[in-house]
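Engineer: Contents of work-v1.cif (mmCIF, C-alpha atoms and all ligand atoms) are below:
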```cif
data_protein
#
loop_
_atom_site.label_atom_id
_atom_site.label_comp_id
_atom_site.auth_asym_id
_atom_site.auth_seq_id
_atom_site.Cartn_x
_atom_site.Cartn_y
_atom_site.Cartn_z
CA MET M 302 -45.42 124.72 144.84
CA PRO M 303 -44.29 127.85 142.97
CA ALA M 304 -46.88 129.94 141.13
CA LYS M 305 -47.51 128.93 137.53
CA LEU M 306 -45.66 130.73 134.77
CA LEU M 307 -47.71 132.09 131.87
CA LYS M 308 -46.03 129.83 129.32
CA GLU M 309 -48.84 130.54 126.86
CA VAL M 310 -47.57 134.10 126.22
CA GLU M 311 -44.08 132.96 125.22
CA GLY M 312 -44.55 133.20 121.46
CA GLU M 313 -46.43 136.49 121.58
CA VAL M 314 -44.10 138.40 123.91
CA THR M 315 -41.02 137.08 122.09
CA GLN M 316 -42.38 138.21 118.71
CA LEU M 317 -43.33 141.60 120.11
CA LEU M 318 -39.81 142.23 121.40
CA SER M 319 -38.22 140.97 118.20
CA ASP M 320 -40.42 143.35 116.16
CA LEU M 321 -39.60 146.29 118.46
CA ILE M 322 -35.86 145.70 118.16
CA LYS M 323 -36.18 145.80 114.36
CA ILE M 324 -37.36 149.42 114.58
CA ASN M 325 -34.11 151.33 114.96
CA THR M 326 -34.67 153.97 117.63
CA THR M 327 -31.04 154.90 118.25
CA ASN M 328 -31.00 158.20 120.10
CA PRO M 329 -29.94 160.55 118.61
CA PRO M 330 -32.01 160.98 116.54
CA GLY M 331 -34.49 158.68 118.32
CA ASN M 332 -37.27 158.21 115.76
CA GLU M 333 -39.44 156.81 118.52
CA THR M 334 -42.69 157.67 116.70
CA GLU M 335 -42.26 154.69 114.41
CA ALA M 336 -42.03 152.35 117.40
CA ALA M 337 -44.92 154.14 119.12
CA ARG M 338 -47.11 153.70 116.00
CA PHE M 339 -46.19 150.05 115.79
CA LEU M 340 -47.23 149.54 119.42
CA ALA M 341 -50.44 151.52 118.95
CA GLU M 342 -51.40 149.28 116.05
CA ASN M 343 -50.46 146.17 118.01
CA LEU M 344 -52.48 147.28 121.05
CA SER M 345 -55.47 148.29 118.92
CA ARG M 346 -55.94 144.62 118.00
CA ASP M 347 -56.85 144.09 121.64
CA GLY M 348 -59.17 147.09 121.62
CA PHE M 349 -56.84 149.67 123.18
CA ASP M 350 -57.08 153.35 122.22
CA CYS M 351 -53.59 154.76 122.27
CA GLU M 352 -52.44 158.35 122.06
CA ILE M 353 -49.07 159.42 120.66
CA PHE M 354 -47.57 162.73 121.80
CA GLU M 355 -44.68 164.17 119.85
CA SER M 356 -42.33 166.65 121.48
CA ALA M 357 -40.80 167.21 118.02
CA PRO M 358 -41.35 165.50 114.65
CA GLY M 359 -40.44 161.82 115.03
CA ARG M 360 -40.04 162.04 118.82
CA GLY M 361 -43.25 160.30 119.82
CA SER M 362 -44.32 158.76 123.12
CA LEU M 363 -47.26 156.36 123.43
CA VAL M 364 -49.77 156.48 126.27
CA THR M 365 -52.80 154.29 126.97
CA ARG M 366 -54.69 152.93 129.95
CA VAL M 367 -57.11 150.33 131.30
CA LYS M 368 -59.79 152.01 133.37
CA GLY M 369 -60.45 151.00 136.95
CA SER M 370 -63.18 151.89 139.42
CA GLU M 371 -61.16 154.70 141.06
CA GLU M 372 -61.18 153.05 144.48
CA LYS M 373 -57.39 152.77 144.38
CA PRO M 374 -54.57 155.04 143.18
CA SER M 375 -53.47 154.41 139.63
CA LEU M 376 -50.33 152.61 138.51
CA LEU M 377 -48.16 153.48 135.51
CA LEU M 378 -46.14 150.88 133.63
CA LEU M 379 -43.34 153.00 132.20
CA SER M 380 -40.68 152.25 129.61
CA HIS M 381 -38.62 154.12 127.06
CA LEU M 382 -38.52 153.35 123.33
CA ASP M 383 -35.14 154.85 122.45
CA VAL M 384 -31.87 152.93 122.61
CA VAL M 385 -28.17 153.79 122.59
CA ALA M 386 -26.07 153.29 119.46
CA ALA M 387 -24.72 149.87 118.49
CA ASN M 388 -21.70 149.20 116.29
CA ALA M 389 -22.79 146.25 114.12
CA GLU M 390 -19.17 145.24 113.45
CA GLU M 391 -18.64 144.40 117.12
CA TRP M 392 -21.75 142.25 117.40
CA SER M 393 -22.13 138.57 116.58
CA VAL M 394 -25.67 139.25 115.24
CA ASP M 395 -27.35 142.23 113.58
CA PRO M 396 -28.15 144.53 116.55
CA PHE M 397 -31.37 145.61 114.79
CA GLY M 398 -32.27 142.22 113.31
CA GLY M 399 -34.56 141.07 116.12
CA VAL M 400 -32.78 137.71 116.08
CA VAL M 401 -34.26 134.91 118.20
CA LYS M 402 -31.83 132.05 118.77
CA ASP M 403 -30.45 129.82 121.51
CA GLY M 404 -33.34 130.77 123.79
CA PHE M 405 -32.59 134.51 123.66
CA VAL M 406 -33.90 137.58 121.87
CA TRP M 407 -30.82 139.45 120.67
CA GLY M 408 -30.47 143.10 119.81
CA ARG M 409 -30.00 146.66 120.99
CA GLY M 410 -32.66 147.38 123.57
CA ALA M 411 -33.36 143.75 124.52
CA LEU M 412 -32.56 144.68 128.14
CA ASP M 413 -32.55 148.48 127.99
CA MET M 414 -35.39 148.46 127.68
CA LYS M 415 -37.62 147.15 124.89
CA GLY M 416 -37.74 143.82 126.71
CA MET M 417 -39.65 145.47 129.53
CA THR M 418 -41.80 147.41 127.04
CA ALA M 419 -42.87 144.08 125.52
CA VAL M 420 -43.55 142.62 128.96
CA GLU M 421 -45.60 145.66 130.03
CA VAL M 422 -47.66 145.61 126.82
CA MET M 423 -48.29 141.90 127.39
CA VAL M 424 -49.40 142.56 130.98
CA LEU M 425 -51.83 145.23 129.82
CA LYS M 426 -53.33 142.92 127.21
CA LEU M 427 -53.71 140.12 129.76
CA LEU M 428 -55.52 142.42 132.20
CA LYS M 429 -58.03 143.16 129.45
CA ARG M 430 -58.28 139.65 128.03
CA ASN M 431 -58.79 138.17 131.49
CA ASN M 432 -61.30 140.89 132.33
CA VAL M 433 -59.56 141.70 135.62
CA LYS M 434 -61.74 144.02 137.72
CA LEU M 435 -59.37 146.87 138.48
CA LYS M 436 -59.91 149.22 141.42
CA GLY M 437 -57.63 151.82 139.86
CA ASP M 438 -56.43 152.77 136.38
CA VAL M 439 -53.42 150.94 134.97
CA LEU M 440 -51.54 153.23 132.57
CA LEU M 441 -48.89 152.35 130.04
CA ALA M 442 -46.38 154.84 128.66
CA ALA M 443 -43.61 153.99 126.20
CA THR M 444 -41.63 157.18 125.86
CA ALA M 445 -38.94 158.94 123.87
CA ASP M 446 -35.53 160.29 124.81
CA GLU M 447 -34.60 158.54 128.06
CA GLU M 448 -31.06 157.88 126.89
CA ARG M 449 -30.40 161.59 126.38
CA GLY M 450 -31.95 162.83 129.59
CA GLY M 451 -35.70 162.49 129.00
CA VAL M 452 -36.31 166.17 128.21
CA SER M 453 -38.12 165.26 124.95
CA GLY M 454 -39.89 162.31 126.58
CA VAL M 455 -41.08 161.93 130.17
CA ASP M 456 -40.12 165.47 131.17
CA TYR M 457 -42.10 166.84 128.21
CA LEU M 458 -45.12 164.65 128.95
CA LEU M 459 -45.20 165.54 132.65
CA ARG M 460 -44.99 169.23 131.83
CA ARG M 461 -47.53 169.23 128.98
CA TYR M 462 -49.89 166.34 129.63
CA PRO M 463 -49.65 165.41 133.33
CA GLU M 464 -53.27 164.17 133.32
CA LYS M 465 -52.37 161.59 130.66
CA ILE M 466 -49.33 160.11 132.32
CA HIS M 467 -49.18 160.91 136.01
CA ALA M 468 -49.80 158.14 138.54
CA PRO M 469 -49.04 157.74 142.26
CA TYR M 470 -47.31 154.41 141.55
CA VAL M 471 -44.81 153.82 138.75
CA LEU M 472 -42.95 150.69 137.65
CA ASN M 473 -39.94 151.29 135.41
CA GLU M 474 -36.50 149.94 134.53
CA GLY M 475 -33.44 149.70 136.74
CA GLY M 476 -34.14 146.71 138.99
CA GLY M 477 -35.93 143.38 139.24
CA SER M 478 -32.98 141.16 138.46
CA ALA M 479 -31.91 138.48 140.90
CA ILE M 480 -28.48 137.87 142.36
CA SER M 481 -27.71 134.22 142.81
CA THR M 482 -26.01 133.78 146.17
CA GLY M 483 -24.81 130.87 148.24
CA ARG M 484 -28.28 129.98 149.42
CA ARG M 485 -31.02 131.43 147.24
CA ASN M 486 -31.97 134.19 144.84
CA LEU M 487 -31.98 137.77 146.04
CA TYR M 488 -34.17 140.05 143.90
CA VAL M 489 -33.40 143.74 143.90
CA VAL M 490 -35.99 146.48 143.49
CA GLN M 491 -34.57 149.83 142.41
CA THR M 492 -35.90 152.30 144.98
CA ALA M 493 -33.29 155.03 144.65
CA GLU M 494 -30.82 156.46 142.19
CA LYS M 495 -27.72 158.57 142.52
CA GLY M 496 -27.67 162.13 141.24
CA LEU M 497 -25.06 163.46 138.87
CA VAL M 498 -22.97 166.51 138.18
CA TRP M 499 -21.12 166.68 134.89
CA PHE M 500 -18.67 169.55 134.96
CA LYS M 501 -15.75 170.91 133.02
CA VAL M 502 -12.59 172.32 134.54
CA LYS M 503 -10.48 174.57 132.36
CA ALA M 504 -6.84 175.24 133.27
CA LYS M 505 -5.12 178.26 131.81
CA GLY M 506 -1.39 178.86 131.38
CA VAL M 507 1.07 180.74 129.21
CA PRO M 508 1.90 179.25 125.81
CA GLY M 509 5.45 178.63 124.63
CA HIS M 510 7.74 176.52 122.49
CA GLY M 511 8.02 172.83 123.34
CA SER M 512 11.81 173.10 123.23
CA MET M 513 11.91 175.68 126.04
CA PRO M 514 9.43 174.43 128.65
CA ASP M 515 10.64 176.66 131.46
CA ALA M 516 9.75 179.79 129.52
CA ALA M 517 6.08 178.74 129.42
CA ASP M 518 3.39 177.93 131.97
CA ASN M 519 2.05 174.59 130.77
CA ALA M 520 -1.73 174.27 131.19
CA ILE M 521 -1.48 170.48 130.85
CA LEU M 522 0.73 170.25 133.92
CA ARG M 523 -1.71 172.36 135.90
CA MET M 524 -4.55 170.14 134.71
CA SER M 525 -2.65 167.00 135.71
CA LYS M 526 -2.77 168.22 139.33
CA VAL M 527 -6.52 168.79 139.01
CA ILE M 528 -7.09 165.32 137.57
CA GLU M 529 -5.00 163.71 140.26
CA ARG M 530 -6.76 165.61 143.04
CA LEU M 531 -10.33 164.99 141.83
CA GLY M 532 -9.79 161.57 140.26
CA GLY M 533 -7.98 160.36 143.36
CA TYR M 534 -10.54 161.72 145.82
CA HIS M 535 -11.93 159.15 148.23
CA ALA M 536 -15.25 160.42 149.53
CA PRO M 537 -16.29 159.36 153.03
CA VAL M 538 -18.55 156.32 153.24
CA THR M 539 -22.21 157.12 153.88
CA LEU M 540 -24.66 154.28 154.37
CA VAL M 541 -27.98 155.39 152.91
CA PRO M 542 -31.03 153.41 154.11
CA ALA M 543 -31.63 151.56 150.80
CA VAL M 544 -28.01 150.37 150.69
CA ALA M 545 -27.99 149.38 154.36
CA ARG M 546 -31.10 147.26 153.73
CA PHE M 547 -29.54 145.72 150.65
CA LEU M 548 -26.35 144.82 152.51
CA ARG M 549 -28.31 143.38 155.43
CA ALA M 550 -30.25 141.16 153.01
CA LEU M 551 -27.04 140.12 151.26
CA ALA M 552 -25.43 139.23 154.61
CA GLU M 553 -28.29 136.82 155.31
CA GLU M 554 -27.70 135.05 152.01
CA ASP M 555 -24.20 133.79 152.36
CA THR M 556 -22.24 132.82 155.47
CA ALA M 557 -19.02 133.99 153.79
CA LEU M 558 -20.51 137.48 153.57
CA GLN M 559 -22.18 137.60 156.97
CA GLU M 560 -19.18 138.51 159.07
CA PRO M 561 -17.56 141.17 156.83
CA LEU M 562 -20.88 142.83 155.94
CA SER M 563 -21.96 142.96 159.59
CA ARG M 564 -18.72 144.79 160.35
CA LEU M 565 -19.37 147.24 157.53
CA LEU M 566 -22.94 147.85 158.69
CA ALA M 567 -21.81 148.40 162.29
CA ASN M 568 -18.91 150.62 161.30
CA PRO M 569 -19.03 152.10 157.79
CA LYS M 570 -15.50 153.46 158.31
CA SER M 571 -14.21 149.89 158.07
CA SER M 572 -15.33 149.76 154.44
CA VAL M 573 -11.89 149.69 152.80
CA GLN M 574 -10.86 146.51 154.57
CA VAL M 575 -14.29 144.91 154.20
CA LEU M 576 -14.40 145.64 150.46
CA ASP M 577 -11.00 143.99 150.07
CA GLU M 578 -12.38 140.89 151.76
CA LEU M 579 -15.52 140.93 149.59
CA SER M 580 -13.49 141.03 146.40
CA GLU M 581 -12.07 137.69 147.49
CA VAL M 582 -15.59 136.22 147.49
CA ALA M 583 -16.32 137.74 144.05
CA THR M 584 -14.63 140.68 142.31
CA SER M 585 -17.93 141.95 140.98
CA LEU M 586 -19.27 142.33 144.55
CA ARG M 587 -16.72 144.97 145.40
CA GLU M 588 -17.31 146.79 142.13
CA GLU M 589 -21.06 146.72 142.71
CA ILE M 590 -21.01 147.79 146.34
CA GLU M 591 -18.27 150.43 146.51
CA PRO M 592 -19.93 153.15 144.34
CA ARG M 593 -23.13 152.69 146.37
CA LEU M 594 -21.33 153.73 149.55
CA LYS M 595 -19.95 157.09 148.47
CA MET M 596 -19.89 160.00 146.10
CA THR M 597 -17.65 159.24 143.12
CA VAL M 598 -15.74 161.46 140.69
CA ALA M 599 -14.22 160.25 137.43
CA PRO M 600 -12.45 162.22 134.67
CA THR M 601 -14.05 161.20 131.37
CA MET M 602 -12.74 163.60 128.67
CA VAL M 603 -9.47 165.54 128.34
CA ARG M 604 -8.56 168.09 125.72
CA GLY M 605 -5.45 170.21 125.42
CA GLY M 606 -2.80 171.17 122.91
CA VAL M 607 -2.86 171.64 119.14
CA LYS M 608 0.66 170.82 117.93
CA GLU M 609 3.61 168.64 118.87
CA ASN M 610 5.95 171.54 119.66
CA ILE M 611 3.57 174.04 121.24
CA ILE M 612 3.04 174.20 124.98
CA PRO M 613 -0.67 174.91 125.26
CA SER M 614 -2.20 177.77 127.15
CA GLU M 615 -5.40 175.81 127.81
CA CYS M 616 -6.38 172.33 128.86
CA GLU M 617 -9.85 171.14 129.82
CA THR M 618 -11.22 168.03 131.46
CA VAL M 619 -14.77 166.83 131.92
CA PHE M 620 -15.64 165.00 135.13
CA ASP M 621 -18.57 162.74 135.93
CA CYS M 622 -19.51 163.04 139.60
CA ARG M 623 -22.27 160.89 141.15
CA ILE M 624 -23.86 161.77 144.46
CA LEU M 625 -25.83 159.77 147.00
CA PRO M 626 -29.42 160.40 148.10
CA GLY M 627 -29.18 162.97 150.87
CA GLN M 628 -26.36 164.84 149.12
CA THR M 629 -27.06 167.80 146.85
CA VAL M 630 -25.50 169.08 143.66
CA ASP M 631 -24.53 172.35 145.42
CA GLN M 632 -22.81 170.52 148.27
CA ALA M 633 -20.87 168.41 145.81
CA LEU M 634 -19.71 171.44 143.82
CA THR M 635 -18.56 173.27 146.96
CA LEU M 636 -16.64 170.21 148.08
CA LEU M 637 -15.00 169.62 144.70
CA LYS M 638 -13.94 173.25 144.31
CA GLY M 639 -12.53 173.11 147.83
CA LEU M 640 -10.31 170.20 146.83
CA LEU M 641 -8.66 172.45 144.24
CA SER M 642 -8.25 175.48 146.50
CA ASP M 643 -4.44 175.33 146.51
CA ILE M 644 -4.08 174.95 142.72
CA ASP M 645 -3.80 178.53 141.36
CA GLN M 646 -7.51 179.39 141.64
CA ASP M 647 -7.22 182.32 139.24
CA ARG M 648 -6.02 179.98 136.50
CA LEU M 649 -8.91 177.51 136.81
CA THR M 650 -12.51 177.86 135.70
CA PHE M 651 -15.34 175.58 136.60
CA GLU M 652 -18.43 174.99 134.43
CA VAL M 653 -21.43 172.76 135.23
CA LEU M 654 -22.58 170.94 132.08
CA GLN M 655 -25.49 168.99 133.55
CA ALA M 656 -26.79 168.31 137.03
CA GLN M 657 -29.46 166.00 138.41
CA GLU M 658 -30.36 165.65 142.06
CA PRO M 659 -30.55 162.10 143.46
CA SER M 660 -33.99 160.58 143.95
CA GLU M 661 -35.52 157.91 146.14
CA SER M 662 -38.85 156.34 147.01
CA PRO M 663 -39.90 154.90 150.36
CA VAL M 664 -39.68 151.14 150.78
CA GLU M 665 -42.65 150.73 153.15
CA THR M 666 -45.44 150.89 150.55
CA PRO M 667 -48.27 148.60 149.40
CA LEU M 668 -46.52 148.23 146.03
CA TYR M 669 -43.24 147.06 147.57
CA ASN M 670 -45.10 144.63 149.80
CA VAL M 671 -46.99 143.14 146.84
CA ILE M 672 -43.76 142.79 144.86
CA SER M 673 -42.14 140.89 147.75
CA ARG M 674 -45.15 138.65 148.15
CA VAL M 675 -45.45 137.82 144.44
CA LEU M 676 -41.72 137.08 144.08
CA GLY M 677 -42.07 134.70 147.02
CA GLU M 678 -44.86 132.90 145.18
CA PHE M 679 -42.81 132.43 142.00
CA ASP M 680 -39.49 131.74 143.71
CA PRO M 681 -40.32 130.31 147.17
CA GLY M 682 -37.85 131.34 149.86
CA CYS M 683 -36.21 134.05 147.78
CA GLY M 684 -34.96 137.30 149.26
CA VAL M 685 -36.06 140.77 148.15
CA ALA M 686 -34.09 143.95 148.82
CA PRO M 687 -34.16 147.58 147.76
CA MET M 688 -31.33 148.80 145.58
CA LEU M 689 -29.65 152.13 144.92
CA MET M 690 -28.81 152.49 141.25
CA THR M 691 -25.54 154.25 140.38
CA GLY M 692 -26.99 155.60 137.12
CA GLY M 693 -30.22 157.46 136.48
CA THR M 694 -33.58 156.69 134.84
CA ASP M 695 -36.79 158.58 134.02
CA SER M 696 -38.05 157.59 137.49
CA ARG M 697 -36.44 160.73 138.88
CA PHE M 698 -39.00 162.93 137.07
CA PHE M 699 -41.87 161.03 138.68
CA ARG M 700 -40.24 160.96 142.11
CA LYS M 701 -40.04 164.75 141.94
CA THR M 702 -43.83 164.85 141.59
CA GLY M 703 -44.27 162.61 144.64
CA SER M 704 -44.92 159.30 142.86
CA VAL M 705 -43.56 156.10 144.35
CA CYS M 706 -41.31 154.67 141.61
CA TYR M 707 -39.55 151.37 141.52
CA GLY M 708 -37.25 149.83 138.94
CA PHE M 709 -38.65 146.34 138.52
CA PHE M 710 -38.17 144.16 135.45
CA PRO M 711 -38.32 140.72 137.09
CA ARG M 712 -35.55 138.41 135.89
CA LEU M 713 -34.06 135.14 137.08
CA PRO M 714 -30.37 135.18 138.02
CA GLY M 715 -27.36 134.25 135.93
CA ALA M 716 -24.12 132.97 137.40
CA PRO M 717 -23.45 133.46 141.14
CA TYR M 718 -22.76 137.13 142.00
CA GLU M 719 -22.97 138.11 138.39
CA ARG M 720 -23.18 141.86 137.90
CA ILE M 721 -26.54 143.44 138.61
CA ILE M 722 -26.30 145.43 135.38
CA THR M 723 -24.81 143.19 132.69
CA THR M 724 -25.14 143.75 128.97
CA GLU M 725 -27.24 146.94 129.02
CA HIS M 726 -25.59 149.25 126.46
CA GLY M 727 -23.09 146.44 125.71
CA ILE M 728 -22.20 144.23 122.80
CA ASP M 729 -24.57 141.31 122.07
CA GLU M 730 -27.27 142.68 124.37
CA ARG M 731 -29.92 139.98 124.82
CA VAL M 732 -32.65 138.74 127.09
CA SER M 733 -33.70 135.13 127.54
CA VAL M 734 -37.14 134.02 126.39
CA GLU M 735 -37.42 132.37 129.81
CA ASN M 736 -37.03 135.80 131.43
CA LEU M 737 -39.65 137.36 129.15
CA VAL M 738 -42.11 134.73 130.38
CA PHE M 739 -40.94 135.07 133.99
CA GLY M 740 -41.10 138.89 133.77
CA THR M 741 -44.59 138.88 132.28
CA SER M 742 -45.84 136.37 134.86
CA VAL M 743 -44.45 138.20 137.90
CA LEU M 744 -45.42 141.65 136.67
CA TYR M 745 -48.95 140.55 135.73
CA GLU M 746 -49.49 139.01 139.15
CA THR M 747 -48.05 142.10 140.87
CA VAL M 748 -50.39 144.43 138.99
CA ARG M 749 -53.39 142.15 139.49
CA LYS M 750 -52.82 141.84 143.25
CA LEU M 751 -52.10 145.53 143.77
CA MET M 752 -54.94 146.87 141.67
CA SER M 753 -57.84 144.46 142.18
ZN ZN F 801 -32.92 152.47 129.95
#
```
In structure tokens, what does this structure look like?
Structural biologist:
Amino acid sequence: MPAKLLKEVEGEVTQLLSDLIKINTTNPPGNETEAARFLAENLSRDGFDCEIFESAPGRGSLVTRVKGSEEKPSLLLLSHLDVVAANAEEWSVDPFGGVVKDGFVWGRGALDMKGMTAVEVMVLKLLKRNNVKLKGDVLLAATADEERGGVSGVDYLLRRYPEKIHAPYVLNEGGGSAISTGRRNLYVVQTAEKGLVWFKVKAKGVPGHGSMPDAADNAILRMSKVIERLGGYHAPVTLVPAVARFLRALAEEDTALQEPLSRLLANPKSSVQVLDELSEVATSLREEIEPRLKMTVAPTMVRGGVKENIIPSECETVFDCRILPGQTVDQALTLLKGLLSDIDQDRLTFEVLQAQEPSESPVETPLYNVISRVLGEFDPGCGVAPMLMTGGTDSRFFRKTGSVCYGFFPRLPGAPYERIITTEHGIDERVSVENLVFGTSVLYETVRKLMS
């Protein structure tokens, strides 16, 4: 029989999330202090002493902990309080109304990631209410500025107050959802994330009149070669360990996937054909898997020209490049510049706007083992696999300090092979009340088993 869900927290965790969504923490400007104060007040009713650290006025992060006996390493439950912007006109409900209807809590941040904040706060309260004897400290941090790079949030806290926030184990966003397959549910734990390089290429030319194109040297035409070269680049397939494990688990789930995925695992070079076959099983599968097999480059902004009849002397394009664990920012830049070596080098400049190295945590850890065990108790027979995330989270700051970090917000699956990341940052972002209860139950049991 599956483990019992904590149905009794349903009302409380739902209300908590609804209240959090009502505090508009769109970043920029963030205004996370208001949400941090709300949580501090809420937690104080259960006897918690919270501290709020502001990196700048209004940019507050909340930290608190339940003390343990120091026989085990501590665990941090991490979340961020800021959200991305929402255009109310596109939504079917007020994105900051905290609406609860049809079994869902609706609003910006429901998934990314106030839903997990509410679940983590609930877990902390339950540890205290149930008087769980902890062998290590359980920390909670709800931080500012994740959506704009974390410099005013986790990065600031780790630099200024490491003793308040650092822990050898960290649970954060980015994983925990289940993929419904042919046979059972496969839960993914985010153990790694890609790195990024945002860079700008500027092409120079000689200006002229639009009516006499041959007398000019059109920077837009030069840039079009750059865009084609970089945007059309197919990086070689590299199977990193987390992805190989994920694909092996997926192959076990569905007989239709077994044969093509085994071929891919045995010979990564066969990926093009295998991905074509996978898209026949489900389009989303190809879209999910392909960027996890290689470095990607995408042009995201283009600017050039000022007037209809002037051939511009400058055109610039911003590219978003994502690199796999094991690759470095420097390697990527050398490779990308090399791709442009035959396009008038002296007329191109290259500027790095932002760079983050990839990060990963080992999979063979007590925390991962407990997660697998607990998921098996709540969803007997389910699969559990590590997952490489194509985007980035605050986990990378902790991984740099040596902490084991996993993205794990436990959620039941939607439709078969539905996207792993669905309405995060999207219109009508929402989380089901059922998943708030499931998430609280699984996370509570994970923390209890690991720490007591
Ligand atoms: Zn997030």
Engineer: For ligand ZN 801 (chain F), return the neighbouring residues as a list of chain:residue names (distance at most 9 Å; all atoms listed in the file).
Structural biologist: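 Written in the requested form, the residues are M:Ser380, M:His381, M:Leu382, M:Asp383, M:Val384, M:Val385, M:Gly410, M:Leu412, M:Asp413, M:Met414, M:Lys415, M:Glu447, M:Glu448, M:Asn473, M:Glu474, M:Gly475, M:Gly693, M:Thr694, M:Asp695, M:Glu725, M:His726.
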Engineer: Contacts of region 707-714 of chain M at 9 Å or less, counting only C-alpha atoms, minus same-chain residues fewer than 5 places along, as a PyMOL selection string?
Structural biologist: chain M and resi 416-417+420+470-481+486-493+661-662+668-669+672+676+688+694+696+719+735-737+739-744
Engineer: Need to verify the contact set: Asp446 (chain M), 7 Å, all atoms listed in the file, exclusion of same-chain residues closer than 3 positions in sequence. Can you return it as a ChimeraX atom specification?
Structural biologist: /M:328,331,383,449-454
Engineer: Take the residues from that selection and write them out as a short mmCIF file (atom, residue, chain, number, x, y, z; two decimals), keeping the file's coordinate frame, keeping C-alpha atoms.
Structural biologist:
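Generated output (selection_33.cif):
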```cif
data_model
loop_
_atom_site.label_atom_id
_atom_site.label_comp_id
_atom_site.auth_asym_id
_atom_site.auth_seq_id
_atom_site.Cartn_x
_atom_site.Cartn_y
_atom_site.Cartn_z
CA ASN M 328 -31.00 158.20 120.10
CA GLY M 331 -34.49 158.68 118.32
CA ASP M 383 -35.14 154.85 122.45
CA ARG M 449 -30.40 161.59 126.38
CA GLY M 450 -31.95 162.83 129.59
CA GLY M 451 -35.70 162.49 129.00
CA VAL M 452 -36.31 166.17 128.21
CA SER M 453 -38.12 165.26 124.95
CA GLY M 454 -39.89 162.31 126.58
#
```
Engineer: Do you know which residues are at most 9 Å from region 600-602 of chain M counting all atoms listed in the file, after dropping those on the same chain fewer than 5 positions away, and could you put them as a ChimeraX atom specification?
Structural biologist: /M:528,531-532,617-622
Engineer: Could you give me, as a ChimeraX atom specification, the residues that sit within 12 Å of (-44.4, 134.9, 121.8) in the file's coordinates, counting all atoms listed in the file?
Structural biologist: /M:307-320,401,404-406,419-420,423,734-735,737-738,741
Engineer: Which polymer residues have any atom within 9 Å of an atom of region 645-654 of chain M, counting only C-alpha atoms, with same-chain residues fewer than 4 positions away left out, as a PyMOL selection string?
Structural biologist: chain M and resi 498-506+520+523-524+619+634+638+641
Engineer: Could you pull the residues within 7 Å of Gly496 (chain M), counting only C-alpha atoms, minus those fewer than 4 positions along the same chain, as a list in words?
Structural biologist: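 Returned residues: Arg623, Ile624, Leu625, Gln657, Glu658 and Pro659 of chain M.
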Engineer: Would you put the residues from that selection into a file with C-alpha atoms, as a short mmCIF file (atom, residue, chain, number, x, y, z; two decimals), keeping the file's coordinate frame?
Structural biologist:
```
data_model
loop_
_atom_site.label_atom_id
_atom_site.label_comp_id
_atom_site.auth_asym_id
_atom_site.auth_seq_id
_atom_site.Cartn_x
_atom_site.Cartn_y
_atom_site.Cartn_z
CA ARG M 623 -22.27 160.89 141.15
CA ILE M 624 -23.86 161.77 144.46
CA LEU M 625 -25.83 159.77 147.00
CA GLN M 657 -29.46 166.00 138.41
CA GLU M 658 -30.36 165.65 142.06
CA PRO M 659 -30.55 162.10 143.46
#
```
Engineer: What separation in Å, quoted to one decimal, exists between CA of Cys616 (chain M) and CA of Arg604 (chain M)?
Structural biologist: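 Value for the CA of Cys616 (chain M)-CA of Arg604 (chain M) distance: 5.7 Å.
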